[in-house]
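What follows is one structure encoded as structure tokens, with my remarks underneath.
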Amino acid sequence: MESLLILTLIGSIWACLAGSACCQRPAVVNIGAVFTFDSVIGRAAKVAMEAAVSDVNADPSILNGTKLNLVMADTHCNVLLGFIGAFHVLEKDVVAIVGPQSSVVAHMVLQIANNLQVPLISYAATDTTLSALQFPFFLRTTHSDSDQMTALAELIDFYEWKEVIMIFVDDDYGRNGISTLTDELDKMFKISHKIPLPSLFHLREITDILNKSKLLGPRVYVVHVNPDPKLRIFKIAHQLNMMTSDYVWLATDWLSTTLDSILPMNKSSLNILQGVVVLRQHTPESSQKTTLWSRLRNYSLNVYALSAYDTIQVLARSIDKFLNEGRSTTFSLKNKFHDLNTTKMPLGKLKVFDDGALLLSILLQTKFTGLSGRFEFNSDRNIFSRGYEVINIDQTGLHTVGYWSNITGFTIQSPETLKQKRISYTHLNQTLGNVTWPGGKTAKPRGWVIADNERPLIIGVPLRVSFVEFVTVSNGSNKNIEGYCIDLFNEARKLVPYDVPYRFIPFGNGYSNPCYNDLVNNVPNGIFDAAVGDIAIVANRTRIVDFSQPFASTGLVIVAPIKNSKSNAWVFLKPFTVEMWCVTSASFFMIGAVIWLLEHRVNDDFRGPPKRQLVTVILFSFSTLFKTNQEDTVSPLGRMVMVVWLFLLMVITSSYTASLTSILTVQQLSSPIKGLDDLITSEHPIGYQVGSFAYSYLTESLYLPRSRLVPLGSPEEYESALLKGPFKKGGVAAVVDELPYMELFLSGRNDFGMIGQPFTKSGWGFVSFSERISTCSRHFNRNSKAVREWKTSEDP
């Protein structure tokens with residue numbers, strides 16, 4: 001019995017001691033850090049993390065005497081070495097891993113962290129795909145590229161550029177960043193060309209890539225690569241004269257991180273980067289930030305160094321809360337790792353963090369204000385965006401021209417000075433400061449050119465043999481293209497605010513007018529970039545090519561022989577017949593007699609000797625025609641008769657004037673063709689111009705037999721066929737052609753004339769198909785009013 005009591009007492013004492021041991025805080029807690037020591041971000045982050053660990057251990061309010069120990073491993077910017085470094089760190093029983101800074105390495109290390117349930121907190125890996133449900137133990141204390149690419153897309157939209165060229169590093173960080181930007185740009189514009197670079201690119205590769213890009217139309221470059229202290233891309237661009245006023249260079253925050261780490265920069269570096277616009281993560285100003293900056297002034301810190309410092313602080317506070325809840329930092333072996341134990345890779349030593357999920361939950365609930373700003377994790381395990389600064393580089397240094405946040409858009413005030421509430425913003429209420437662009441100019445660059453001189457536009461022009469006033473090859477040289485349409489094109493080109501290198505290529509055999517349908521088909525087939533000339537805009541052509549606004553109104557008209565009615569001295573009598581002249585003359589005498597009967601008793605003007613009264617009766621009505629009568633009517637009946645007479649007189653004079661005008665101007669036709677209907681119903685042959693769309697219109701739209709159509713190749717052939725008439729071999733009753741040709745044909749001939757009005761409505765325009773010419777067409781359309789004014793002042 002006594003022995004039983006002794007055993008019970010010993011057991012109770014042992015249980016108490018064991019419970020006390022379990023609740024006792026550990027003397028040391030290990031955390032890991034996997035990053036590249038010798039890199040722009042790594043050098044600054046290493047100093048910042050060591051300072052943060054020192055500050056935590058010196059602060060008795062954090063961890064309450066438990067020492068925080070930082071175990072670091074160098075990844076050397078290599079996935080395999082990062083994988084091995086993560087193993088070495090995890091062997092030290094770390095409760096969390098800080099890093100890695102590289103998104104590529106993070107993808108690999110996360111596979112280990114997930115299996116061992118060790119939270120991984122990165123201060124620099126910005127790849128958006130790291131926030132996927134595939135990686136539940138990943139947290140990010142920096143901005144995701146999703147925020148940065150949204151800011152970049154809105155920056156491009158702010159300046160109204162429609163196409164950009166993307167230069168990016170060809171790894172997970174670069175590709176996923178471009179994918180995110182593409183999703184944002186699809187709403188506004190597009191990435192016209194993507195230029196990938198290998199992770200370890202050489203100067204020759206950059207030179208070749210940038211040289212080839214000069215042949216492209218867009219001039220807005222977006223650079224998304226890893227931090228590069230040598231600034232190789234911009235040095236090569238400067239050597240290739242690509243930092244001039246025609247170009248726009250935008251960079252993600254890799255460049256601002258690089259510049260913050262190498263400041264103060266020398267003047268040559270500033271000259272190379274002049275005009276570049278770059279984003280930088282916004283960090284609010286604070287006394288703590290200034291203190292750390294001055295404390296580590298011998299080191300080049302950047303935004304990611306501040307995030308690394310804050311990451312250690314957040315992690316230390318979360319571990320402190322974790323331990324205060326009575327949890328222990330215990331690890332256990334898993335059979336699946338133990339069974340894989342080998343001498344080369346000691347996987348059997350890897351242990352699972354028993355309460356890793358709980359520490360992760362505490363981390364996600366942490367709210368903390370650090371040097372880089374407010375820390376609070378969202379549902380994607382990223383911190384809420386604090387916005388970006390828009391930085392412009394000129395010869396004097398870096399200048400902040402504005403801020404962006406997903407709450408306010410672009411403003412010239414920092415986000416923390418504005419009310420932190422979601423508001424709707426549009427392009428109209430966005431503001432940024434003045435920017436100095438490449439070349440030192442302050443005016444916004446166009447961001448687009450038509451072509452490089454090494455690749456001019458190939459423009460086809462019809463090689464006409466008739467009506468050469470519109471398009472012709474002068475002096476027998478294909479380089480000398482002249483004519484009304486060419487002059488019009490040159491005037492339109494002057495309205496485009498940049499150079500458009502081009503080369504005219506005549507189309508045709510030089511013996512007959514070319515087929516215009518074939519000329520138009522060569523544009524979408526890639527033989528020509530565009531076509532310029534007297535090209536009619538018709539339905540079947542608009543289905544395969546684009547046309548500019550019409551520069552000439554045209555349509556099909558009918559021309560036939562006519563003769564002018566010769567005027568003679570008695571032509572003024574022709575408006576009325578003999579009977580009409582007799583009735584009109586009798587009316588004058590009758591009105592005079594009626595007025596005399598009504599007025600001579602009461603009106604002294606109608607009294608006097610018989611001879612005078614006779615003259616008054618005869619001349620009164622005629623004087624009303626010329627409004628020279630001196631006699632006034634007094635009686636009411638006389639005035640009523642005068643009102644009726646004046647109305648009749650107005651009708652007579654109007655009819656006479658209209659009939660006389662018609663007789664003097666209207667020409668009498670000798671052709672039986674009176675209009676389009678007569679042309680269709682008759683059996684007479686009809687002429688048309690070789691190469692014109694008139695042939696297809698007459699056969700396909702009007703269904704005229706092909707046997708009735710006679711091809712004519714020149715104005716001389718027109719004249720000869722019309723003079724022969726429809727009853728002689730080779731003759732025609734009429735010619736159907738476009739209005740400008742017929743006006744030019746009739747300008748020196750009086751024996752022919754147009755019958756009726758144009759029976760089709762169309763116009764002449766310039767043909768385009770590829771995107772290389774579409775911008776020029778837009779400028780032509782926009783300035784078509786000015787072109788029309790020039791056209792009306794220059795008669796062809």
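In the structure tokens, chains take letters A, B, ... by order of appearance, with residues numbered from 1 within each chain and ligands from 1 in the order shown.
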**Request:** Write out as a ChimeraX atom specification which residues come within 9 Å of stretch 703-708 of chain A when counting only C-alpha atoms, dropping same-chain ones fewer than 3 positions away.
**Result:** /A:680,683-687,695,697-700
Write the selection just made, keeping N, CA and C atoms, as a PDB file, in the first residue's frame?
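Full text of part_38.pdb as output:
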```
ATOM      1  N   ILE A 680     -30.802  50.191-121.637  1.00  0.00           N
ATOM      2  CA  ILE A 680     -30.964  48.769-121.313  1.00  0.00           C
ATOM      3  C   ILE A 680     -31.875  48.078-122.324  1.00  0.00           C
ATOM      4  N   GLU A 683     -31.098  47.542-128.390  1.00  0.00           N
ATOM      5  CA  GLU A 683     -30.174  46.490-128.798  1.00  0.00           C
ATOM      6  C   GLU A 683     -28.864  47.061-129.311  1.00  0.00           C
ATOM      7  N   HIS A 684     -28.637  48.344-129.103  1.00  0.00           N
ATOM      8  CA  HIS A 684     -27.444  48.997-129.648  1.00  0.00           C
ATOM      9  C   HIS A 684     -26.205  48.636-128.824  1.00  0.00           C
ATOM     10  N   PRO A 685     -25.040  48.604-129.447  1.00  0.00           N
ATOM     11  CA  PRO A 685     -23.789  48.355-128.708  1.00  0.00           C
ATOM     12  C   PRO A 685     -23.437  49.531-127.792  1.00  0.00           C
ATOM     13  N   ILE A 686     -22.746  49.193-126.693  1.00  0.00           N
ATOM     14  CA  ILE A 686     -22.374  50.181-125.667  1.00  0.00           C
ATOM     15  C   ILE A 686     -20.868  50.080-125.444  1.00  0.00           C
ATOM     16  N   GLY A 687     -20.208  51.196-125.384  1.00  0.00           N
ATOM     17  CA  GLY A 687     -18.770  51.219-125.133  1.00  0.00           C
ATOM     18  C   GLY A 687     -18.459  51.362-123.648  1.00  0.00           C
ATOM     19  N   TYR A 695     -17.555  47.430-116.734  1.00  0.00           N
ATOM     20  CA  TYR A 695     -17.890  46.173-117.416  1.00  0.00           C
ATOM     21  C   TYR A 695     -18.619  45.226-116.473  1.00  0.00           C
ATOM     22  N   TYR A 697     -20.180  45.966-113.733  1.00  0.00           N
ATOM     23  CA  TYR A 697     -21.458  46.526-113.297  1.00  0.00           C
ATOM     24  C   TYR A 697     -22.525  46.325-114.368  1.00  0.00           C
ATOM     25  N   LEU A 698     -22.182  46.566-115.631  1.00  0.00           N
ATOM     26  CA  LEU A 698     -23.157  46.427-116.713  1.00  0.00           C
ATOM     27  C   LEU A 698     -23.608  44.980-116.894  1.00  0.00           C
ATOM     28  N   THR A 699     -22.685  44.041-116.695  1.00  0.00           N
ATOM     29  CA  THR A 699     -23.036  42.629-116.925  1.00  0.00           C
ATOM     30  C   THR A 699     -23.651  41.981-115.701  1.00  0.00           C
ATOM     31  N   GLU A 700     -23.156  42.319-114.496  1.00  0.00           N
ATOM     32  CA  GLU A 700     -23.596  41.626-113.287  1.00  0.00           C
ATOM     33  C   GLU A 700     -24.755  42.322-112.589  1.00  0.00           C
TER      34      GLU A 700
END
```
**Request:** as an MDAnalysis selection string, please: all residues of stretch 35-197 of chain A that backbone DSSP puts in alpha helix (DSSP H).
**Result:** chainID A and resid 40:58 79:90 103:116 145:158 172:185
**Message:** If I take atom CA of A:Ala733 and atom CA of A:Asn750, how far is one from the other in Å, to one decimal?
**Reply:**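 One can read the atom CA of A:Ala733 to atom CA of A:Asn750 distance as 16.7 Å.
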Check which residues of stretch 187-301 of chain A sit at most 10 Å from stretch 430-439 of chain A using only C-alpha atoms, and return one row each with the closest pair of atoms and their distance in Å to one decimal, ordered by chain and rising number, as a Markdown table.
```
| residue | atom | partner | partner_atom | distance |
| --- | --- | --- | --- | --- |
| A:Met242 | CA | A:Pro438 | CA | 8.7 |
| A:Met243 | CA | A:Pro438 | CA | 5.3 |
| A:Thr244 | CA | A:Gly439 | CA | 4.5 |
| A:Ser245 | CA | A:Gly439 | CA | 4.7 |
| A:Asp246 | CA | A:Pro438 | CA | 7.8 |
| A:Tyr247 | CA | A:Pro438 | CA | 6.7 |
| A:Val248 | CA | A:Pro438 | CA | 6.9 |
| A:Trp249 | CA | A:Pro438 | CA | 7.9 |
| A:Asn271 | CA | A:Pro438 | CA | 9.6 |
| A:Ile272 | CA | A:Pro438 | CA | 9.4 |
| A:Leu273 | CA | A:Pro438 | CA | 8.1 |
| A:Gln274 | CA | A:Pro438 | CA | 5.7 |
| A:Gly275 | CA | A:Trp437 | CA | 3.8 |
| A:Val276 | CA | A:Trp437 | CA | 6.7 |
| A:Val277 | CA | A:Trp437 | CA | 8.1 |
```
**Request:** Find the residue from A:Pro284, A:Gly356, A:Gly508, A:Gly638 that sits nearest to A:Glu389; use only C-alpha atoms when measuring.
**Result:** A:Pro284
**Asked** Any idea what's packed within 8 Å of stretch 179-186 of chain A, counting only C-alpha atoms, ignoring anything in its chain fewer than 6 positions away? Could you give it as a ChimeraX atom specification?
**Response** /A:128,145-146,149-150,152-153
**Message:** Between atom CA of A:Val220 and atom CA of A:Leu250, what is the distance in Å, rounded to a tenth?
**Reply:**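 So the two atoms, atom CA of A:Val220 and atom CA of A:Leu250, lie 7.6 Å apart.
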Which stretch 348-445 of chain A residues have any atom within 10 Å of an atom of stretch 73-97 of chain A, and for each, what is the nearest pair of atoms with distance in Å to one decimal, counting only C-alpha atoms, rows sorted by chain and number, as a Markdown table?
```
| residue | atom | partner | partner_atom | distance |
| --- | --- | --- | --- | --- |
| A:Gly348 | CA | A:Glu91 | CA | 9.9 |
| A:Lys349 | CA | A:Glu91 | CA | 6.5 |
| A:Leu350 | CA | A:Glu91 | CA | 6.0 |
| A:Lys351 | CA | A:Asp93 | CA | 7.4 |
| A:Val352 | CA | A:Asp93 | CA | 8.9 |
| A:Phe353 | CA | A:Val95 | CA | 6.8 |
| A:Asp354 | CA | A:Val95 | CA | 9.7 |
| A:Asp355 | CA | A:Val95 | CA | 9.0 |
| A:Gly356 | CA | A:Val95 | CA | 7.1 |
| A:Leu359 | CA | A:Val95 | CA | 8.4 |
| A:Leu360 | CA | A:Ala96 | CA | 9.1 |
```
**Request:** Taking the chain letters and numbering used in this document, name the residues of stretch 239-355 of chain A that DSSP puts in strand (DSSP E or B), as a VMD selection string.
**Result:** chain A and resid 248 to 251 277 to 281 331 to 333 351 to 353
**Asked** A:Ile167: which residues within 12 Å, counting only C-alpha atoms, same-chain residues fewer than 3 positions away excluded, as an MDAnalysis selection string?
**Response** chainID A and resid 164 170 174:175 177:178 191:198 206 209:210 213 220:226 233:234 249:252
**Asked** Between A:Phe322, A:Phe745, A:Phe489, A:Phe551, which has the minimum distance to A:Pro26 (counting only C-alpha atoms)?
**Response** A:Phe322
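Shortest separation to A:Ser361 among A:Ala316, A:Val736, A:Ile407, A:Pro119 occurs at residue A:Pro119, atoms counted being only C-alpha atoms.
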**Message:** So that I can see what lies close to stretch 301-311 of chain A, please list as a VMD selection string the residues with an atom at most 6 Å from it, counting only C-alpha atoms and leaving out residues fewer than 4 positions away in the same chain.
**Reply:** chain A and resid 44 to 45 48 to 49 52 123 257 260 to 261 370 372
**Prompt:** For A:Ile236, which residue out of A:His202, A:Val40, A:Glu579, A:Leu216 is the nearest one, using only C-alpha atoms?
**Reply:**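 Once distances to A:Ile236 are computed over only C-alpha atoms, the minimum belongs to A:His202.
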**Message:** Taking 6 positions as the minimum chain separation for residues in the same chain, which residues sit within 10 Å of stretch 540-542 of chain A when counting only C-alpha atoms? Answer as number ranges by chain.
**Reply:** A: 516-517, 520-521, 767
**Asked** Which neighbours of stretch 412-416 of chain A fall inside 8 Å, counting only C-alpha atoms, when residues of the same chain fewer than 3 positions from it are skipped, and could you give them as a PyMOL selection string?
**Response** chain A and resi 284+386-387+401-405+408+419-420+431-433
Could you write out the selected residues, including N, CA and C atoms, as a PDB file, in the first residue's frame?
```pdb
ATOM      1  N   PRO A 284       5.280  54.939 -47.474  1.00  0.00           N
ATOM      2  CA  PRO A 284       5.048  56.233 -46.818  1.00  0.00           C
ATOM      3  C   PRO A 284       6.271  56.684 -46.019  1.00  0.00           C
ATOM      4  N   ARG A 386      -0.275  49.158 -51.618  1.00  0.00           N
ATOM      5  CA  ARG A 386      -0.066  50.523 -51.133  1.00  0.00           C
ATOM      6  C   ARG A 386       0.163  51.497 -52.286  1.00  0.00           C
ATOM      7  N   GLY A 387       0.125  50.990 -53.504  1.00  0.00           N
ATOM      8  CA  GLY A 387       0.260  51.853 -54.673  1.00  0.00           C
ATOM      9  C   GLY A 387       1.685  51.943 -55.172  1.00  0.00           C
ATOM     10  N   VAL A 401       6.704  62.002 -60.458  1.00  0.00           N
ATOM     11  CA  VAL A 401       5.743  62.842 -61.185  1.00  0.00           C
ATOM     12  C   VAL A 401       4.303  62.491 -60.830  1.00  0.00           C
ATOM     13  N   GLY A 402       4.127  61.497 -59.970  1.00  0.00           N
ATOM     14  CA  GLY A 402       2.766  61.151 -59.575  1.00  0.00           C
ATOM     15  C   GLY A 402       2.719  59.831 -58.846  1.00  0.00           C
ATOM     16  N   TYR A 403       1.503  59.446 -58.466  1.00  0.00           N
ATOM     17  CA  TYR A 403       1.278  58.208 -57.722  1.00  0.00           C
ATOM     18  C   TYR A 403       0.095  57.475 -58.361  1.00  0.00           C
ATOM     19  N   TRP A 404       0.104  56.167 -58.179  1.00  0.00           N
ATOM     20  CA  TRP A 404      -1.027  55.359 -58.625  1.00  0.00           C
ATOM     21  C   TRP A 404      -1.451  54.428 -57.499  1.00  0.00           C
ATOM     22  N   SER A 405      -2.746  54.287 -57.326  1.00  0.00           N
ATOM     23  CA  SER A 405      -3.305  53.273 -56.439  1.00  0.00           C
ATOM     24  C   SER A 405      -4.594  52.776 -57.064  1.00  0.00           C
ATOM     25  N   THR A 408      -7.469  55.448 -56.187  1.00  0.00           N
ATOM     26  CA  THR A 408      -7.552  56.808 -56.737  1.00  0.00           C
ATOM     27  C   THR A 408      -7.097  56.916 -58.173  1.00  0.00           C
ATOM     28  N   LYS A 419      -8.221  60.658 -49.097  1.00  0.00           N
ATOM     29  CA  LYS A 419      -9.149  59.856 -48.314  1.00  0.00           C
ATOM     30  C   LYS A 419      -9.110  58.415 -48.786  1.00  0.00           C
ATOM     31  N   GLN A 420      -8.924  57.512 -47.888  1.00  0.00           N
ATOM     32  CA  GLN A 420      -8.823  56.100 -48.236  1.00  0.00           C
ATOM     33  C   GLN A 420     -10.208  55.480 -48.354  1.00  0.00           C
ATOM     34  N   THR A 431      -4.330  62.635 -63.201  1.00  0.00           N
ATOM     35  CA  THR A 431      -3.329  63.695 -63.338  1.00  0.00           C
ATOM     36  C   THR A 431      -1.948  63.155 -63.029  1.00  0.00           C
ATOM     37  N   LEU A 432      -0.977  63.621 -63.790  1.00  0.00           N
ATOM     38  CA  LEU A 432       0.435  63.348 -63.539  1.00  0.00           C
ATOM     39  C   LEU A 432       1.213  64.627 -63.810  1.00  0.00           C
ATOM     40  N   GLY A 433       2.373  64.730 -63.197  1.00  0.00           N
ATOM     41  CA  GLY A 433       3.212  65.894 -63.422  1.00  0.00           C
ATOM     42  C   GLY A 433       3.864  65.860 -64.791  1.00  0.00           C
TER      43      GLY A 433
END
```
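With only C-alpha atoms as the atoms that count, the residue of A:Leu488, A:Leu363, A:Val735, A:Val690 with the shortest distance to A:Ile383 is A:Leu363.
Each of A:Lys162, A:Leu649, A:Ile558, A:Phe606 was compared to A:Gly753 using only C-alpha atoms, and A:Ile558 turns out to be the nearest.
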